[in-house]
Amino acid sequence: QDSPDVMSNKSESYTWPLLLRKISLLALIIFLTVLTIVIFFGAKEKKIPVAGTGPAAADNVRSLEENLTAVEFRAEGGKIKIRADLASIDQDGNQLLSGNVEFIQDRPDFNLRLKAREATIGPGKEELLARGTVEVESGEVKLSTPYLSYKLKSGLLQAENLKLVSGPLEISAPRVDYDPVARKGSCQQGAVLSLVGLKPPLVVKGERLGFDLDTGQVEADGFIFENGSWSGLASIGTLLLAPANFEPMKIELAGKVFFNLRPKEESSTFTYLNLRSDRIILTKQQADWTLLAPGGWEMRAEDSQQKLEGNGEKMELTFKPEGQATSFLAQAATLTVFKDGKKEVELRADRLKEDLVSGLISLDASARLISKEFRLEASWLQFDLASSGFRAEQARLEISPSFFKVTGPFFKNDRPLLATGQEARGSSQGIELSGQVAIWQEENIFRCGQAFFDKETGEINLTGEIKANLAYSGPAGSGVKEAEIKAGDLSLLPADRAFRAGKAAAFSGGRGKIQAQQLTFYFEGEKPDELTNLKMSGVVRLVWKDYEFQAAEGLYLPAEEVFVFNGQAILKDTEGN
C-alpha cells in the first residue's frame with residue numbers, strides 16, 4: 001500500500017498532462033480563429049498599386065497569383081473600387097488583374113463602370129489598361145473595345161476599335177479619345193456615326209471627327225452622310241442633334257459640297273437630283289427638311305421624261321425624309337430643260353420657284369423663257385414641266401420663223417416676229433397673246449385684243465379691234481406702199497399665201513379707201529411681202545380720188561392698177577351723181 005506522499009505525487013503527475021492538453025487545444029482553436037479572420041479580411045480588401053503599360057512577363061512577377069475579391073482606394077475627385085478573380089504584382093509594382101475584372105469609379109458629377117478580361121494598374125495610380133472584351137458604362141453611354149487606356153487623373157479614355165452607344169446614337173472608329181466627364185470625344189480616322197432610331201438611319205462618316213454629347217454637335221473633315229434617299233459629302237461638315245433624344249436638327253456643309261436626292265417613291269417628281277455648292281445648310285422643320293445654298297450652286301435632275309440643269313446665286317430646296325422633293329426656290333437662277341436628250345427650253349429669272357409636286361415653275365422679275373423657236377420675257381412666268389406649257393404676264397415675245405412648220409405670207413421668213421401682250425399662254429399647239437397685243441416686224445405692226453400663233457398650220461389669228469400698219473411691195477418697180485387696215489378679225493393663211501381681214505374690214509392705202517365685210521390679201525410665194533391682188537366681198541365700198549364705188553364684191557390688181565367690181569356696181573362722184 002502506497003503512502004500518502006506517493007499518492008500525492010501520482011495525482012500531480014496525472015493532472016499536469018491533462019492541463020497541458022487543454023491549453024494546447026485552446027491555443028489551436030485561437031490560432032485557427034485568427035487564421036480564418038486574417039484570410040477572410042485579407043481577401044476582402046487589399047490596397048494595390050496602379051499599373052504601368054501592360055502585363056509583366058512571367059519572370060518579372062514578384063508575388064504569386066492570389067484571390068482578389070475587392071480593392072478600394074481614393075483617386076482624383078472620387079472613390080475607385082476594383083474587383084478581379086486573380087491578381088499579381090510584378091517587380092515594378094504594377095498590379096496585374098485577370099479573370100472577371102471590374103473597375104468602378106464614383107464621383108459627384110459622374111460614375112463609370114468598366115469590365116474586362118485583363119487589366120493593369122501602375123504604381124502611380126495614373127493609368128488603367130484593359131484588354132480583351134472591354135465594356136464601359138457611364139450614365140447612358142456604353143462603350144465596347146478590345147483595348148482601352150484610362151487616365152485616372154485627367155479622365156481621358158483612349159480606345160481602339162471602339163463602339164460607343166448612347167440611346168439611338170452609335171459611334172465606331174479605329175481610334176477614339178473620349179472624356180466621360182465632359183462627354184466629348186474625337187476620332188482620328190474612319191469614324192462612323194449612326195442614328196439607328198431613324199428609319200432609314202442617318203449615317204455620318206468622317207476623318208478627325210469630334211462629338212459633344214451634351215450639346216449634340218458633331219464635326220468632321222471629309223464629311224459624308226446618308227439617310228436613305230438623300231446623301232452628301234463635303235470638305236467640312238457639322239451635324240447638330242437635339243441633346244435630349246439625338247434627333248437630327250441641322251447639317252451644315254462647307255468647302256466642296258455635293259448633295260444627292262434619289263427618291264424611291266414613284267410619285268416623286270425626280271428620279272434623282274444632284275446639287276453642288278460651296279456651302280449647304282440642311283435644317284429640319286417639323287417632318288420636312290429644308291436645304292439652303294446661300295452662295296453659288298449648280299444642279300442636275302432627271303425624271304421619267306426629261307432632265308434639268310441649273311445654276312444660280314442662292315437656292316432653297318424642301319423635301320420629305322423619304323426623299324420626295326416638294327419645293328425649289330432660287331435667286332438669279334438659270335434652269336435648262338432637256339427632253340429626249342435635246343435642249344427644250346431655258347428658264348431665267350431673278351427669282352425662280354418650283355412646286356416639285358405639281359411640276360410648275362414660277363419665275364418673277366426679269367423672267368425669261370428661251371427655246372430654239374422663240375424667246376419670251378415677262379414680269380412673271382409659269383412653266384409646266386409635264387406639258388411644257390407656259391403662262392406669262394406683261395409678256396414680250398420674239399418668235400423665230402422655225403416656230404412655224406409652214407412658212408407664212410407677208411412677213412419676211414428670215415427674220416423673227418416680235419409681239420407683246422398683257423398675258424401669254426403657250427403649249428405644244430401654239431402661243432396665245434391677250435390684252436393690248438402688238439405684233440410687228442420692221443415697219444409692219446398689228447394691234448389687237450387677242451392673237452394666236454398656230455405651230456402646226458403656221459396661221460396667225462387676230463381678234464378684237466384690229467389695227468394694222470403695213471408696208472408691202474407692189475409689182476416690180478412700183479416700190480414700197482403703205483396701208484392701214486381695221487377689222488374685227490384677221491388671219492394670216494400660209495396655205496393660201498394670204499391674210500384675211502373680216503367683220504367690217506377697212507383698208508386705206510395711197511389715195512383709196514376700201515370697206516368690205518371681208519378683205520383677202522394674196523402675196524407672191526417667193527416674195528412674201530409682194531401683194532399680187534386684193535379680193536373684196538360683202539358690201540364693198542371704194543373711195544378713190546373724187547369717186548365712190550359700191551358693189552357686192554371687188555378685186556384690186558396692183559400690177560395693172562385696176563379695180564374690178566361685180567354685183568350691181570355703182571359709181572358716184574362727190575356730189576352723189
# chains A, B, ... in the order shown; residues from 1 in each chain; ligands from 1

$ select_by_dssp --residues "segment 400-471 of chain A" --states "strand (DSSP E or B)" --output "number ranges by chain"
A: 417-426, 430-441, 444-454, 460-471

$ closest_atom_pairs --of "segment 441-532 of chain A" --to "segment 404-418 of chain A" --cutoff "8 Å" --atoms "only C-alpha atoms" --output "JSON lines"
{"residue": "A:Gln441", "atom": "CA", "partner": "A:Leu417", "partner_atom": "CA", "distance": 5.5}
{"residue": "A:Asp454", "atom": "CA", "partner": "A:Phe404", "partner_atom": "CA", "distance": 7.3}
{"residue": "A:Lys455", "atom": "CA", "partner": "A:Phe404", "partner_atom": "CA", "distance": 4.7}
{"residue": "A:Glu456", "atom": "CA", "partner": "A:Lys405", "partner_atom": "CA", "distance": 5.7}
{"residue": "A:Thr457", "atom": "CA", "partner": "A:Val406", "partner_atom": "CA", "distance": 6.0}
{"residue": "A:Gly458", "atom": "CA", "partner": "A:Phe404", "partner_atom": "CA", "distance": 4.9}
{"residue": "A:Glu459", "atom": "CA", "partner": "A:Gly408", "partner_atom": "CA", "distance": 7.2}
{"residue": "A:Tyr472", "atom": "CA", "partner": "A:Phe410", "partner_atom": "CA", "distance": 7.8}
{"residue": "A:Leu492", "atom": "CA", "partner": "A:Pro409", "partner_atom": "CA", "distance": 6.9}
{"residue": "A:Leu493", "atom": "CA", "partner": "A:Gly408", "partner_atom": "CA", "distance": 6.8}
{"residue": "A:Pro494", "atom": "CA", "partner": "A:Gly408", "partner_atom": "CA", "distance": 4.2}
{"residue": "A:Ala495", "atom": "CA", "partner": "A:Gly408", "partner_atom": "CA", "distance": 7.8}
{"residue": "A:Arg497", "atom": "CA", "partner": "A:Pro409", "partner_atom": "CA", "distance": 5.2}
{"residue": "A:Ala498", "atom": "CA", "partner": "A:Pro409", "partner_atom": "CA", "distance": 6.0}
{"residue": "A:Phe499", "atom": "CA", "partner": "A:Pro409", "partner_atom": "CA", "distance": 7.5}
{"residue": "A:Phe523", "atom": "CA", "partner": "A:Pro409", "partner_atom": "CA", "distance": 6.6}
{"residue": "A:Gly525", "atom": "CA", "partner": "A:Pro409", "partner_atom": "CA", "distance": 7.6}
{"residue": "A:Pro528", "atom": "CA", "partner": "A:Phe410", "partner_atom": "CA", "distance": 4.6}
{"residue": "A:Asp529", "atom": "CA", "partner": "A:Phe410", "partner_atom": "CA", "distance": 4.2}
{"residue": "A:Glu530", "atom": "CA", "partner": "A:Phe410", "partner_atom": "CA", "distance": 7.4}

$ residues_around --residues "Ser537 of chain A" --least-positions-apart "3" --cutoff "9 Å" --atoms "only C-alpha atoms" --output "number ranges by chain"
A: 516-520, 540, 551-555

$ write_last_selection --atoms "N, CA, C and O atoms" --output "mmCIF file, in the first residue's frame"
data_model
loop_
_atom_site.group_PDB
_atom_site.id
_atom_site.type_symbol
_atom_site.label_atom_id
_atom_site.label_comp_id
_atom_site.auth_asym_id
_atom_site.auth_seq_id
_atom_site.Cartn_x
_atom_site.Cartn_y
_atom_site.Cartn_z
ATOM 1 N N ALA A 516 -65.311 96.677 -146.576
ATOM 2 C CA ALA A 516 -65.991 95.461 -147.002
ATOM 3 C C ALA A 516 -66.191 94.559 -145.790
ATOM 4 O O ALA A 516 -65.551 94.736 -144.738
ATOM 5 N N GLN A 517 -67.093 93.590 -145.950
ATOM 6 C CA GLN A 517 -67.257 92.615 -144.889
ATOM 7 C C GLN A 517 -65.998 91.765 -144.737
ATOM 8 O O GLN A 517 -65.645 91.356 -143.644
ATOM 9 N N GLN A 518 -65.304 91.555 -145.861
ATOM 10 C CA GLN A 518 -64.099 90.726 -145.807
ATOM 11 C C GLN A 518 -63.129 91.174 -146.885
ATOM 12 O O GLN A 518 -63.524 91.417 -148.028
ATOM 13 N N LEU A 519 -61.859 91.283 -146.500
ATOM 14 C CA LEU A 519 -60.766 91.604 -147.420
ATOM 15 C C LEU A 519 -59.744 90.490 -147.352
ATOM 16 O O LEU A 519 -59.317 90.100 -146.266
ATOM 17 N N THR A 520 -59.334 89.992 -148.526
ATOM 18 C CA THR A 520 -58.337 88.930 -148.575
ATOM 19 C C THR A 520 -57.151 89.403 -149.406
ATOM 20 O O THR A 520 -57.317 89.749 -150.588
ATOM 21 N N VAL A 540 -69.137 96.010 -150.678
ATOM 22 C CA VAL A 540 -67.850 96.650 -150.925
ATOM 23 C C VAL A 540 -68.051 98.124 -151.206
ATOM 24 O O VAL A 540 -68.951 98.514 -151.951
ATOM 25 N N ALA A 551 -70.355 97.860 -154.562
ATOM 26 C CA ALA A 551 -70.662 96.622 -155.268
ATOM 27 C C ALA A 551 -70.769 95.487 -154.248
ATOM 28 O O ALA A 551 -70.469 95.654 -153.053
ATOM 29 N N ALA A 552 -71.186 94.309 -154.696
ATOM 30 C CA ALA A 552 -71.274 93.138 -153.841
ATOM 31 C C ALA A 552 -69.894 92.518 -153.622
ATOM 32 O O ALA A 552 -69.614 91.941 -152.575
ATOM 33 N N GLU A 553 -69.006 92.648 -154.618
ATOM 34 C CA GLU A 553 -67.648 92.147 -154.491
ATOM 35 C C GLU A 553 -66.745 92.929 -155.424
ATOM 36 O O GLU A 553 -67.190 93.590 -156.359
ATOM 37 N N GLY A 554 -65.425 92.845 -155.144
ATOM 38 C CA GLY A 554 -64.478 93.587 -155.971
ATOM 39 C C GLY A 554 -63.118 92.928 -155.956
ATOM 40 O O GLY A 554 -62.818 92.044 -155.138
ATOM 41 N N LEU A 555 -62.269 93.404 -156.874
ATOM 42 C CA LEU A 555 -60.918 92.846 -156.995
ATOM 43 C C LEU A 555 -59.964 93.972 -157.352
ATOM 44 O O LEU A 555 -60.257 94.784 -158.246
#

$ closest_residue --among "A:Gly310, A:Gly216, A:Gly122, A:Gly255" --to "Leu97 of chain A" --atoms "only C-alpha atoms"
A:Gly122

$ residues_around --residues "Leu156 of chain A" --least-positions-apart "2" --cutoff "6 Å" --atoms "only C-alpha atoms" --output "list of chain:residue names"
A:Tyr150, A:Lys151, A:Ser154, A:Tyr178, A:Asp179

$ write_last_selection --atoms "N, CA and C atoms" --output "PDB file, in the first residue's frame"
ATOM      1  N   TYR A 150      -7.196  54.252 -69.734  1.00  0.00           N
ATOM      2  CA  TYR A 150      -7.973  55.243 -68.995  1.00  0.00           C
ATOM      3  C   TYR A 150      -7.052  56.001 -68.056  1.00  0.00           C
ATOM      4  N   LYS A 151      -6.915  57.316 -68.290  1.00  0.00           N
ATOM      5  CA  LYS A 151      -6.102  58.182 -67.438  1.00  0.00           C
ATOM      6  C   LYS A 151      -6.941  58.569 -66.218  1.00  0.00           C
ATOM      7  N   SER A 154      -6.685  62.709 -65.439  1.00  0.00           N
ATOM      8  CA  SER A 154      -7.287  63.599 -66.440  1.00  0.00           C
ATOM      9  C   SER A 154      -8.671  63.133 -66.868  1.00  0.00           C
ATOM     10  N   TYR A 178     -11.922  59.860 -75.611  1.00  0.00           N
ATOM     11  CA  TYR A 178     -13.229  60.220 -75.059  1.00  0.00           C
ATOM     12  C   TYR A 178     -13.078  60.648 -73.615  1.00  0.00           C
ATOM     13  N   ASP A 179     -13.709  61.776 -73.283  1.00  0.00           N
ATOM     14  CA  ASP A 179     -13.739  62.292 -71.917  1.00  0.00           C
ATOM     15  C   ASP A 179     -15.119  61.987 -71.342  1.00  0.00           C
TER      16      ASP A 179
END

$ atom_distance --atom1 "atom CA of Gly232 of chain A" --atom2 "atom CA of Leu385 of chain A"
26.3 Å

$ atom_distance --atom1 "atom CA of Ala487 of chain A" --atom2 "atom CA of Phe453 of chain A"
18.2 Å
